[in-house]
>>> print(open('structure_18.txt').read())   # compact mmCIF, C-alpha atoms and all ligand atoms
# COMPACT_ATOMS: atom_id res chain seq x y z
CA MET A 1 89.35 21.26 100.99
CA ARG A 2 85.63 21.19 101.74
CA LEU A 3 85.55 18.23 104.17
CA SER A 4 88.89 18.63 105.92
CA GLY A 5 89.04 16.65 109.15
CA LYS A 6 85.49 15.27 108.84
CA ILE A 7 84.69 11.65 109.65
CA VAL A 8 82.19 10.26 107.17
CA LEU A 9 80.33 6.94 107.14
CA ILE A 10 78.85 5.90 103.77
CA THR A 11 76.69 2.78 103.55
CA GLY A 12 76.68 0.75 100.33
CA ALA A 13 79.89 2.48 99.22
CA GLY A 14 81.30 -0.54 97.37
CA SER A 15 79.63 0.38 94.07
CA GLY A 16 77.93 3.09 92.02
CA ILE A 17 76.93 6.33 93.72
CA GLY A 18 78.32 5.37 97.14
CA ALA A 19 81.73 4.50 95.68
CA SER A 20 81.93 7.77 93.69
CA THR A 21 80.92 9.74 96.77
CA ALA A 22 83.53 7.99 98.93
CA LYS A 23 86.23 8.92 96.40
CA LEU A 24 85.08 12.54 96.13
CA PHE A 25 84.78 12.99 99.90
CA ALA A 26 88.29 11.57 100.41
CA LYS A 27 89.67 14.02 97.80
CA GLU A 28 88.01 16.79 99.80
CA GLY A 29 89.91 15.81 102.95
CA ALA A 30 87.44 13.51 104.76
CA SER A 31 88.35 10.26 106.49
CA VAL A 32 85.89 7.92 104.85
CA ILE A 33 84.46 4.75 106.35
CA VAL A 34 83.32 2.63 103.45
CA ASN A 35 80.53 0.24 104.44
CA ASP A 36 79.10 -2.44 102.17
CA ILE A 37 77.52 -5.87 102.44
CA SER A 38 80.05 -6.96 99.81
CA GLU A 39 83.48 -7.19 101.41
CA ALA A 40 85.30 -7.57 98.07
CA ASP A 41 83.71 -4.44 96.57
CA GLY A 42 84.19 -2.33 99.70
CA ILE A 43 87.84 -3.32 100.10
CA GLN A 44 88.51 -2.52 96.43
CA ILE A 45 87.15 1.04 96.84
CA VAL A 46 89.20 1.57 100.00
CA LYS A 47 92.32 0.39 98.14
CA GLU A 48 91.67 2.84 95.27
CA ILE A 49 91.13 5.75 97.70
CA ASN A 50 94.23 5.01 99.75
CA GLU A 51 96.40 4.51 96.63
CA ALA A 52 95.24 7.93 95.41
CA GLY A 53 96.47 9.50 98.69
CA GLY A 54 93.11 9.62 100.50
CA LYS A 55 92.08 8.13 103.85
CA ALA A 56 89.55 5.28 103.90
CA THR A 57 88.70 2.20 105.96
CA PHE A 58 86.31 -0.64 105.19
CA ILE A 59 83.75 -1.91 107.70
CA GLY A 60 81.50 -4.68 106.41
CA ALA A 61 77.92 -4.83 107.66
CA ASP A 62 74.43 -5.56 106.41
CA VAL A 63 72.45 -2.39 107.19
CA THR A 64 69.40 -4.52 108.02
CA ASP A 65 71.21 -6.39 110.80
CA ARG A 66 70.94 -4.49 114.09
CA ASP A 67 73.92 -6.23 115.74
CA GLN A 68 76.20 -5.70 112.75
CA VAL A 69 75.19 -2.02 112.52
CA LYS A 70 75.78 -1.49 116.26
CA ALA A 71 79.23 -3.09 116.00
CA MET A 72 80.06 -0.99 112.91
CA VAL A 73 79.15 2.31 114.59
CA GLU A 74 81.04 1.34 117.76
CA GLN A 75 84.09 0.53 115.64
CA VAL A 76 83.93 3.94 113.93
CA ILE A 77 83.74 5.70 117.30
CA ALA A 78 86.58 3.58 118.75
CA GLN A 79 88.80 4.43 115.75
CA CYS A 80 87.79 8.02 114.98
CA LYS A 81 86.08 9.30 118.18
CA GLN A 82 83.23 10.97 116.21
CA ILE A 83 80.98 10.78 113.12
CA ASP A 84 80.39 14.10 111.35
CA VAL A 85 78.54 12.86 108.27
CA LEU A 86 76.36 9.80 107.67
CA PHE A 87 75.34 9.03 104.10
CA ASN A 88 72.55 6.39 104.17
CA ASN A 89 73.11 5.26 100.58
CA ALA A 90 72.77 1.44 100.60
CA GLY A 91 69.74 0.34 98.62
CA ILE A 92 68.37 -2.34 96.33
CA SER A 93 66.12 -2.21 93.30
CA VAL A 94 62.77 -3.97 92.91
CA VAL A 95 60.96 -4.30 89.61
CA GLY A 96 57.45 -5.67 89.20
CA THR A 97 53.81 -4.94 89.81
CA LEU A 98 52.61 -5.46 93.36
CA HIS A 99 50.51 -8.58 92.71
CA GLU A 100 53.38 -10.31 90.87
CA THR A 101 56.07 -9.67 93.48
CA GLU A 102 56.97 -12.37 96.00
CA ASP A 103 56.51 -11.46 99.67
CA ASP A 104 60.16 -12.04 100.51
CA VAL A 105 61.21 -9.59 97.77
CA ILE A 106 58.87 -6.94 99.19
CA ASP A 107 60.16 -7.61 102.73
CA ARG A 108 63.80 -7.33 101.68
CA ALA A 109 63.22 -4.03 99.82
CA MET A 110 61.51 -2.55 102.89
CA GLN A 111 64.27 -3.82 105.13
CA VAL A 112 67.23 -2.55 103.12
CA ASN A 113 65.79 0.69 101.72
CA ILE A 114 63.89 2.03 104.72
CA LYS A 115 64.60 -0.03 107.83
CA GLY A 116 68.33 0.09 107.00
CA VAL A 117 68.21 3.90 107.01
CA CYS A 118 66.40 3.86 110.38
CA THR A 119 68.78 1.32 111.93
CA VAL A 120 72.04 3.01 110.94
CA SER A 121 70.69 6.47 111.86
CA LYS A 122 69.42 5.20 115.20
CA HIS A 123 72.89 4.04 116.18
CA VAL A 124 74.74 7.12 114.86
CA LEU A 125 72.37 9.78 116.23
CA PRO A 126 73.32 9.53 119.95
CA TYR A 127 76.95 10.34 119.03
CA MET A 128 75.94 13.27 116.80
CA MET A 129 73.64 14.54 119.59
CA GLU A 130 76.54 14.42 122.04
CA GLN A 131 78.81 16.23 119.54
CA LYS A 132 76.02 18.77 118.97
CA GLN A 133 76.61 18.63 115.22
CA GLY A 134 76.20 16.34 112.23
CA SER A 135 74.90 15.99 108.71
CA ILE A 136 72.79 13.00 107.66
CA ILE A 137 72.10 12.45 103.97
CA ASN A 138 69.35 9.96 103.14
CA MET A 139 69.10 8.36 99.71
CA SER A 140 65.58 8.73 98.38
CA SER A 141 64.72 8.81 94.64
CA CYS A 142 62.69 10.89 92.19
CA LEU A 143 60.28 7.92 92.28
CA ALA A 144 59.22 9.19 95.72
CA GLU A 145 57.41 11.91 93.77
CA ILE A 146 56.49 10.51 90.34
CA GLY A 147 54.79 7.32 89.19
CA PHE A 148 56.72 4.84 87.08
CA LEU A 149 55.81 1.52 85.49
CA ARG A 150 56.40 -1.54 87.73
CA ARG A 151 58.27 0.40 90.43
CA ALA A 152 55.54 0.77 93.10
CA ILE A 153 57.33 -1.17 95.83
CA TYR A 154 60.67 0.53 95.26
CA ALA A 155 58.92 3.94 95.04
CA ALA A 156 57.14 3.27 98.34
CA THR A 157 60.45 2.61 100.11
CA LYS A 158 61.94 5.82 98.71
CA GLY A 159 58.81 7.86 99.57
CA ALA A 160 59.19 6.57 103.12
CA VAL A 161 62.81 7.74 103.17
CA LEU A 162 61.69 11.24 102.17
CA ALA A 163 59.00 11.34 104.88
CA LEU A 164 61.47 9.99 107.43
CA THR A 165 63.97 12.70 106.50
CA LYS A 166 61.55 15.58 107.06
CA SER A 167 60.34 14.42 110.48
CA MET A 168 63.81 13.34 111.61
CA GLN A 169 64.92 16.88 110.81
CA VAL A 170 62.29 18.30 113.17
CA ASP A 171 63.43 16.02 116.01
CA TYR A 172 67.16 16.61 115.62
CA ALA A 173 67.42 20.27 114.54
CA PRO A 174 67.76 21.27 118.24
CA TYR A 175 71.00 19.22 118.34
CA ASN A 176 72.44 21.07 115.31
CA ILE A 177 72.02 17.95 113.18
CA ARG A 178 70.91 18.49 109.59
CA VAL A 179 68.98 15.73 107.76
CA ASN A 180 68.49 16.08 104.00
CA ALA A 181 67.45 13.75 101.18
CA LEU A 182 68.83 13.13 97.70
CA LEU A 183 66.31 12.40 94.93
CA PRO A 184 68.25 11.16 91.89
CA GLY A 185 66.68 10.42 88.54
CA THR A 186 68.18 7.64 86.43
CA ILE A 187 71.88 7.43 87.21
CA TYR A 188 73.85 4.94 85.16
CA THR A 189 75.26 2.41 87.69
CA PRO A 190 75.21 -1.43 88.04
CA PHE A 191 71.87 -0.92 89.83
CA VAL A 192 70.27 0.46 86.62
CA GLU A 193 72.02 -2.08 84.37
CA ASN A 194 70.57 -4.94 86.44
CA TYR A 195 67.16 -3.30 86.53
CA LEU A 196 67.06 -2.93 82.74
CA LYS A 197 68.19 -6.53 82.17
CA SER A 198 65.61 -7.93 84.58
CA ALA A 199 62.70 -5.75 83.45
CA TYR A 200 62.97 -5.51 79.67
CA GLU A 201 63.51 -7.82 76.71
CA ASP A 202 65.37 -5.02 74.94
CA PRO A 203 67.34 -3.14 77.63
CA GLU A 204 68.92 -0.71 75.15
CA ALA A 205 65.56 0.41 73.78
CA ALA A 206 64.27 0.79 77.35
CA LEU A 207 67.30 2.90 78.23
CA GLU A 208 66.59 5.20 75.26
CA LYS A 209 63.00 5.64 76.50
CA ILE A 210 64.23 6.52 79.98
CA LYS A 211 66.63 9.08 78.49
CA GLN A 212 63.73 10.70 76.65
CA ARG A 213 61.97 11.30 79.99
CA GLN A 214 64.85 13.45 81.21
CA LEU A 215 64.40 17.07 80.07
CA ASN A 216 67.99 17.16 78.79
CA GLY A 217 67.76 13.70 77.16
CA GLN A 218 70.67 12.37 79.22
CA LEU A 219 71.27 9.98 82.10
CA GLY A 220 72.96 11.13 85.29
CA THR A 221 76.35 9.89 86.43
CA PRO A 222 77.34 8.76 89.94
CA GLU A 223 79.55 11.87 90.08
CA ASP A 224 76.49 14.12 89.57
CA VAL A 225 74.99 12.66 92.75
CA ALA A 226 78.32 12.69 94.61
CA ASN A 227 78.62 16.46 93.96
CA ALA A 228 75.20 17.07 95.53
CA ALA A 229 76.12 14.83 98.49
CA LEU A 230 79.33 16.84 98.94
CA PHE A 231 77.34 20.06 99.20
CA LEU A 232 74.99 18.53 101.81
CA ALA A 233 77.92 17.08 103.76
CA SER A 234 79.81 20.38 103.86
CA ASP A 235 79.08 23.43 105.97
CA GLU A 236 78.19 25.30 102.75
CA SER A 237 74.67 23.83 103.06
CA LYS A 238 74.27 24.93 106.71
CA PHE A 239 70.86 26.53 106.00
CA MET A 240 69.44 23.36 104.40
CA LEU A 241 67.36 21.37 106.85
CA GLY A 242 64.98 18.58 105.81
CA SER A 243 65.37 19.46 102.12
CA PRO A 244 64.72 17.18 99.16
CA VAL A 245 67.54 17.72 96.63
CA TYR A 246 66.76 16.71 93.04
CA ILE A 247 69.52 15.41 90.76
CA ASP A 248 67.18 14.15 88.10
CA GLY A 249 67.73 15.83 84.72
CA GLY A 250 64.42 17.61 85.32
CA VAL A 251 62.30 14.45 85.32
CA VAL A 252 60.21 15.51 88.34
CA SER A 253 59.50 18.95 86.83
CA GLY A 254 58.89 17.72 83.28
P1 LIG A 301 74.62 -0.01 93.32
O1 LIG A 301 73.91 -1.31 93.22
O2 LIG A 301 75.69 0.31 92.33
O3 LIG A 301 75.21 0.18 94.79
C1 LIG A 301 74.47 -0.15 95.95
C2 LIG A 301 75.43 -0.73 96.98
O4 LIG A 301 74.69 -1.01 98.17
C3 LIG A 301 76.08 -2.05 96.51
O5 LIG A 301 77.48 -1.97 96.65
C4 LIG A 301 75.47 -3.09 97.44
O6 LIG A 301 76.34 -4.17 97.74
C5 LIG A 301 75.18 -2.24 98.68
N1 LIG A 301 74.16 -2.87 99.54
C6 LIG A 301 73.00 -3.47 99.14
N2 LIG A 301 72.36 -3.96 100.20
C7 LIG A 301 73.10 -3.66 101.30
C8 LIG A 301 72.96 -3.93 102.68
N3 LIG A 301 71.90 -4.60 103.16
N4 LIG A 301 73.91 -3.47 103.53
C9 LIG A 301 74.99 -2.80 103.07
N5 LIG A 301 75.19 -2.55 101.76
C10 LIG A 301 74.26 -2.97 100.88
O7 LIG A 301 73.47 1.10 93.26
P2 LIG A 301 73.49 2.70 93.06
O8 LIG A 301 72.84 2.99 91.77
O9 LIG A 301 74.83 3.27 93.36
O10 LIG A 301 72.44 3.09 94.19
C11 LIG A 301 72.80 3.64 95.45
C12 LIG A 301 71.56 4.22 96.09
O11 LIG A 301 70.99 5.21 95.21
C13 LIG A 301 70.44 3.20 96.34
O12 LIG A 301 69.82 3.50 97.58
C14 LIG A 301 69.45 3.46 95.22
O13 LIG A 301 68.14 3.11 95.57
C15 LIG A 301 69.60 4.95 95.04
N6 LIG A 301 69.18 5.46 93.74
C16 LIG A 301 69.79 5.04 92.60
C17 LIG A 301 69.37 5.55 91.38
C18 LIG A 301 69.99 5.12 90.10
O14 LIG A 301 69.44 5.45 89.03
N7 LIG A 301 71.12 4.43 90.10
C19 LIG A 301 68.34 6.50 91.33
C20 LIG A 301 67.75 6.90 92.52
C21 LIG A 301 68.19 6.40 93.73
>>> encode(input="structure_18.txt", output="structure tokens", more="lines below")
Ligand code: NAD
Amino acid sequence: MRLSGKIVLITGAGSGIGASTAKLFAKEGASVIVNDISEADGIQIVKEINEAGGKATFIGADVTDRDQVKAMVEQVIAQCKQIDVLFNNAGISVVGTLHETEDDVIDRAMQVNIKGVCTVSKHVLPYMMEQKQGSIINMSSCLAEIGFLRRAIYAATKGAVLALTKSMQVDYAPYNIRVNALLPGTIYTPFVENYLKSAYEDPEAALEKIKQRQLNGQLGTPEDVANAALFLASDESKFMLGSPVYIDGGVVSG
């Protein structure tokens, strides 16, 4: 098994990509700490993993809340003694042009998508530095690199995650901590369903247009992203430091 004995913390693991990754990592032998702001969703994923013979625990926390994050990380250390892998996956979507978007919506996107990554990493890093090893996977997006209609605010948060990843890598490489970023294209999850419903009068037609932008004409699945996360979490990617990893059906290249 590729993650035997590893302790993994995944934020936003109650749904979509985070949930698929939690299930895959557990199959590969990791003890998975499932975090989510939604207790019901997180507990459901933990139940499914444990019923399938894996090892998972739920810790609820809002990644934007410093006290909740601190308590979550302390709980992981108290229970498991270490954290080998942190997957900063929690994120929210924002749709709309800049001038139309309410200030509180902009603030929340910045807080969850970028400040959340900083806050969770900040609390996990001292333990990884002491262990002298760790892998941090930050969830960016292909929109960090390409323009897309009405996604400027979301794209800005994900561009910030990519920039954060590269400079974090420089700071923490001396501690044998690797920091890499995932840049998915359109992956069919509740996140995309909600986005399509809120942004378009005809969500199915919009989905077809998005598919046409992918070079293979298909949408990604949460499992496609989970497989890339598995590689970055495992020692197989030991020579990858500060790398952007595209799982985008070729949309950035096309
Ligand atoms: P999703 O909505 O299915 O899952 C996101 C999870 O994060 C939810 O369970 C939600 O409750 C949780 N969450 C939200 N705010 C939180 C907070 N403050 N604290 C803790 N948990 C919180 O979405 P998904 O499609 O699986 O997306 C996961 C990540 O992948 C996000 O960061 C998203 O930006 C990114 N992403 C998604 C796509 C895509 O096409 N689906 C593409 C590129 C990047």
>>> residues_around(input="structure_18.txt", residues="segment 191-202 of chain A", least_positions_apart="3", cutoff="9 Å", atoms="only C-alpha atoms", output="ChimeraX atom specification")
/A:15-16,92-96,150,186-188,205-207
>>> residues_near_ligand(input="structure_18.txt", ligand="ligand LIG 301 (chain A)", cutoff="8 Å", atoms="all atoms listed in the file", output="MDAnalysis selection string")
chainID A and resid 11:19 35:38 41:42 60:65 88:93 111:113 116 139:143 154 158 182:192 220 222
>>> residues_near_point(input="structure_18.txt", point="(71.1, 20.3, 103.8)", cutoff="9 Å", atoms="all atoms listed in the file", output="VMD selection string")
chain A and resid 135 to 137 178 to 181 231 to 245
>>> atom_distance(input="structure_18.txt", atom1="atom CA of Lys6 of chain A", atom2="atom CA of Tyr175 of chain A")
17.8 Å
>>> atom_distance(input="structure_18.txt", atom1="atom CA of Ile45 of chain A", atom2="atom CA of Ile59 of chain A")
11.8 Å
>>> residues_around(input="structure_18.txt", residues="segment 119-128 of chain A", least_positions_apart="3", cutoff="7 Å", atoms="only C-alpha atoms", output="PyMOL selection string")
chain A and resi 63+66+69-70+73+82-83+115-116+131-134
>>> atom_distance(input="structure_18.txt", atom1="atom CA of Gln218 of chain A", atom2="atom CA of Ala160 of chain A")
27.1 Å
>>> closest_residue(input="structure_18.txt", among="A:Ala52, A:Glu74, A:Asn138, A:Gln214", to="Gln169 of chain A", atoms="only C-alpha atoms")
A:Asn138
>>> residues_near_point(input="structure_18.txt", point="(84.9, 18.9, 107.0)", cutoff="9 Å", atoms="all atoms listed in the file", output="VMD selection string")
chain A and resid 1 to 7 28 to 30 84 to 85 233 to 235
>>> write_last_selection(input="structure_18.txt", atoms="C-alpha atoms", output="mmCIF file, keeping the file's coordinate frame")
data_model
loop_
_atom_site.group_PDB
_atom_site.id
_atom_site.type_symbol
_atom_site.label_atom_id
_atom_site.label_comp_id
_atom_site.auth_asym_id
_atom_site.auth_seq_id
_atom_site.Cartn_x
_atom_site.Cartn_y
_atom_site.Cartn_z
ATOM 1 C CA MET A 1 89.350 21.260 100.990
ATOM 2 C CA ARG A 2 85.630 21.190 101.740
ATOM 3 C CA LEU A 3 85.550 18.230 104.170
ATOM 4 C CA SER A 4 88.890 18.630 105.920
ATOM 5 C CA GLY A 5 89.040 16.650 109.150
ATOM 6 C CA LYS A 6 85.490 15.270 108.840
ATOM 7 C CA ILE A 7 84.690 11.650 109.650
ATOM 8 C CA GLU A 28 88.010 16.790 99.800
ATOM 9 C CA GLY A 29 89.910 15.810 102.950
ATOM 10 C CA ALA A 30 87.440 13.510 104.760
ATOM 11 C CA ASP A 84 80.390 14.100 111.350
ATOM 12 C CA VAL A 85 78.540 12.860 108.270
ATOM 13 C CA ALA A 233 77.920 17.080 103.760
ATOM 14 C CA SER A 234 79.810 20.380 103.860
ATOM 15 C CA ASP A 235 79.080 23.430 105.970
#
>>> closest_residue(input="structure_18.txt", among="A:Ala163, A:Ile210, A:Ile106, A:Ile77", to="Leu149 of chain A", atoms="all atoms listed in the file")
A:Ile210
>>> build_atoms(input="structure_18.txt", residues="segment 90-112 of chain A", atoms="N, CA and C atoms", output="JSON list (two decimals), in the coordinates of the input")
[["chain", "number", "residue", "atom", "x", "y", "z"],
["A", 90, "ALA", "N", 73.01, 2.84, 101.00],
["A", 90, "ALA", "CA", 72.77, 1.44, 100.60],
["A", 90, "ALA", "C", 71.31, 1.26, 100.18],
["A", 91, "GLY", "N", 71.11, 0.58, 99.07],
["A", 91, "GLY", "CA", 69.74, 0.34, 98.62],
["A", 91, "GLY", "C", 69.71, -0.74, 97.56],
["A", 92, "ILE", "N", 68.53, -1.33, 97.39],
["A", 92, "ILE", "CA", 68.37, -2.34, 96.33],
["A", 92, "ILE", "C", 67.17, -1.98, 95.47],
["A", 93, "SER", "N", 67.20, -2.50, 94.24],
["A", 93, "SER", "CA", 66.12, -2.21, 93.30],
["A", 93, "SER", "C", 65.06, -3.31, 93.36],
["A", 94, "VAL", "N", 63.83, -2.96, 93.07],
["A", 94, "VAL", "CA", 62.77, -3.97, 92.91],
["A", 94, "VAL", "C", 61.99, -3.58, 91.66],
["A", 95, "VAL", "N", 61.74, -4.55, 90.82],
["A", 95, "VAL", "CA", 60.96, -4.30, 89.61],
["A", 95, "VAL", "C", 59.80, -5.27, 89.58],
["A", 96, "GLY", "N", 58.60, -4.77, 89.33],
["A", 96, "GLY", "CA", 57.45, -5.67, 89.20],
["A", 96, "GLY", "C", 56.20, -5.03, 89.77],
["A", 97, "THR", "N", 55.07, -5.43, 89.23],
["A", 97, "THR", "CA", 53.81, -4.94, 89.81],
["A", 97, "THR", "C", 53.61, -5.62, 91.16],
["A", 98, "LEU", "N", 52.78, -5.00, 91.99],
["A", 98, "LEU", "CA", 52.61, -5.46, 93.36],
["A", 98, "LEU", "C", 52.12, -6.92, 93.41],
["A", 99, "HIS", "N", 51.10, -7.24, 92.59],
["A", 99, "HIS", "CA", 50.51, -8.58, 92.71],
["A", 99, "HIS", "C", 51.45, -9.68, 92.21],
["A", 100, "GLU", "N", 52.46, -9.29, 91.40],
["A", 100, "GLU", "CA", 53.38, -10.31, 90.87],
["A", 100, "GLU", "C", 54.61, -10.53, 91.76],
["A", 101, "THR", "N", 54.80, -9.65, 92.73],
["A", 101, "THR", "CA", 56.07, -9.67, 93.48],
["A", 101, "THR", "C", 55.97, -10.56, 94.72],
["A", 102, "GLU", "N", 56.97, -11.43, 94.86],
["A", 102, "GLU", "CA", 56.97, -12.37, 96.00],
["A", 102, "GLU", "C", 57.10, -11.59, 97.31],
["A", 103, "ASP", "N", 56.49, -12.14, 98.37],
["A", 103, "ASP", "CA", 56.51, -11.46, 99.67],
["A", 103, "ASP", "C", 57.93, -11.23, 100.19],
["A", 104, "ASP", "N", 58.81, -12.21, 99.97],
["A", 104, "ASP", "CA", 60.16, -12.04, 100.51],
["A", 104, "ASP", "C", 60.92, -10.93, 99.78],
["A", 105, "VAL", "N", 60.57, -10.69, 98.52],
["A", 105, "VAL", "CA", 61.21, -9.59, 97.77],
["A", 105, "VAL", "C", 60.72, -8.24, 98.32],
["A", 106, "ILE", "N", 59.42, -8.18, 98.61],
["A", 106, "ILE", "CA", 58.87, -6.94, 99.19],
["A", 106, "ILE", "C", 59.52, -6.69, 100.56],
["A", 107, "ASP", "N", 59.58, -7.75, 101.38],
["A", 107, "ASP", "CA", 60.16, -7.61, 102.73],
["A", 107, "ASP", "C", 61.60, -7.12, 102.66],
["A", 108, "ARG", "N", 62.37, -7.70, 101.74],
["A", 108, "ARG", "CA", 63.80, -7.33, 101.68],
["A", 108, "ARG", "C", 63.95, -5.87, 101.24],
["A", 109, "ALA", "N", 63.13, -5.43, 100.28],
["A", 109, "ALA", "CA", 63.22, -4.03, 99.82],
["A", 109, "ALA", "C", 62.91, -3.07, 100.97],
["A", 110, "MET", "N", 61.86, -3.40, 101.74],
["A", 110, "MET", "CA", 61.51, -2.55, 102.89],
["A", 110, "MET", "C", 62.65, -2.54, 103.91],
["A", 111, "GLN", "N", 63.22, -3.72, 104.11],
["A", 111, "GLN", "CA", 64.27, -3.82, 105.13],
["A", 111, "GLN", "C", 65.52, -3.05, 104.75],
["A", 112, "VAL", "N", 65.98, -3.23, 103.51],
["A", 112, "VAL", "CA", 67.23, -2.55, 103.12],
["A", 112, "VAL", "C", 66.97, -1.05, 102.94]]
